[in-house]
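Okay, structure first, notes after.
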Amino acid sequence: MDNLPTARPAPPDALREIEQTEEFQQLRGSFRGFAFPVTAGFILWYLLYVLLSGYAPGFMAIKLSGHVNIALALGLLQFASTFAIAAWYARYADRRLDPSASAIRERADHPGPAGPADRPQSADRTEAVE
């Protein structure tokens with residue numbers, strides 16, 4: 001394990017510079033534009049299920065087929081929607097977030113002449129010992 005490369009953390013100033021770039025702000029906005037509405041929608045969907053279970057037991061007890069009632073069907077749909085959202089996010093991230101994040105990471109790791117890594121490093125940073 002001693003031969004494994006270790007990632008060195010970027011200095012705080014470099015991170016602040018990256019954070020303030022237009023590309024990073026767009027990436028952050030893209031993430032938030034997906035994550036916040038989908039999270040709010042899922043929470044509302046879950047709360048609907050909980051409220052129906054607590055306040056509409058007669059409705060939830062309606063048989064759909066055999067021993068399957070509305071409560072069981074909605075409960076199973078909670079699991080299905082969780083997996084569907086995870087797959088949706090993975091696809092969204094793969095197409096919209098990952099390319100930008102990779103480009104930002106690449107520039108941070110291999111900056112040009114005026115990039116963050118060209119600044120003097122602080123004395124408290126430790127180098128990886130091989």
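Following the order of the structure tokens, first chain is A, next is B, and so on, with residues numbered from 1 inside each chain and ligands from 1 in the order they appear.
The neighbours of Ala86 in chain A here are the residues that come within 12 Å of it, using only C-alpha atoms and leaving out any residue fewer than 6 positions away in the same chain; they are Phe34, Ala35, Val38, Thr39, Phe42, Phe79, Ala80, Tyr92 and Ala93 of chain A.
For the residues A:Ala40, A:Leu27, A:Val68, A:Leu76, ranking by smallest atom-to-atom distance to Arg96 in chain A using only C-alpha atoms places A:Leu27 first.
The spacing separating CA of Leu44 in chain A from CA of Phe31 in chain A amounts to 19.9 Å.
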- [ ] Between CA of Trp45 in chain A and CA of Phe83 in chain A, measure the distance and give it in Å to one decimal.
- [x] 14.2 Å
Open item on the list: Report as a PyMOL selection string all protein, DNA and RNA residues lying within 9 Å of range 48-60 of chain A, evaluated on only C-alpha atoms, omitting residues in the same chain fewer than 6 positions from it.
Closed with: chain A and resi 69-72+74-75+78
What does the file look like for those residues with N, CA, C and O atoms, as a PDB file, in the first residue's frame?
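Contents of out32.pdb, as written:
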ATOM      1  N   ASN A  69     -53.735  -4.242  -1.021  1.00  0.00           N
ATOM      2  CA  ASN A  69     -54.588  -3.062  -0.870  1.00  0.00           C
ATOM      3  C   ASN A  69     -53.830  -1.818  -1.328  1.00  0.00           C
ATOM      4  O   ASN A  69     -52.659  -1.890  -1.720  1.00  0.00           O
ATOM      5  N   ILE A  70     -54.481  -0.690  -1.270  1.00  0.00           N
ATOM      6  CA  ILE A  70     -53.865   0.556  -1.729  1.00  0.00           C
ATOM      7  C   ILE A  70     -52.618   0.884  -0.908  1.00  0.00           C
ATOM      8  O   ILE A  70     -51.610   1.331  -1.463  1.00  0.00           O
ATOM      9  N   ALA A  71     -52.662   0.650   0.387  1.00  0.00           N
ATOM     10  CA  ALA A  71     -51.509   0.944   1.239  1.00  0.00           C
ATOM     11  C   ALA A  71     -50.275   0.159   0.792  1.00  0.00           C
ATOM     12  O   ALA A  71     -49.177   0.716   0.692  1.00  0.00           O
ATOM     13  N   LEU A  72     -50.454  -1.135   0.532  1.00  0.00           N
ATOM     14  CA  LEU A  72     -49.328  -1.957   0.086  1.00  0.00           C
ATOM     15  C   LEU A  72     -48.828  -1.484  -1.275  1.00  0.00           C
ATOM     16  O   LEU A  72     -47.615  -1.357  -1.491  1.00  0.00           O
ATOM     17  N   LEU A  74     -49.077   1.537  -2.645  1.00  0.00           N
ATOM     18  CA  LEU A  74     -48.369   2.815  -2.495  1.00  0.00           C
ATOM     19  C   LEU A  74     -47.025   2.633  -1.795  1.00  0.00           C
ATOM     20  O   LEU A  74     -46.052   3.306  -2.127  1.00  0.00           O
ATOM     21  N   GLY A  75     -46.969   1.756  -0.816  1.00  0.00           N
ATOM     22  CA  GLY A  75     -45.704   1.471  -0.132  1.00  0.00           C
ATOM     23  C   GLY A  75     -44.669   0.899  -1.083  1.00  0.00           C
ATOM     24  O   GLY A  75     -43.494   1.290  -1.065  1.00  0.00           O
ATOM     25  N   GLN A  78     -43.279   3.497  -3.270  1.00  0.00           N
ATOM     26  CA  GLN A  78     -42.236   4.301  -2.624  1.00  0.00           C
ATOM     27  C   GLN A  78     -40.854   3.733  -2.966  1.00  0.00           C
ATOM     28  O   GLN A  78     -39.934   4.483  -3.300  1.00  0.00           O
TER      29      GLN A  78
END
TODO: Check the smallest atom-to-atom distance from each of A:Ala101, A:Ala61, A:Ala108, A:Ala87 to Asp13 in chain A using only C-alpha atoms, then report the winner.
DONE: A:Ala108
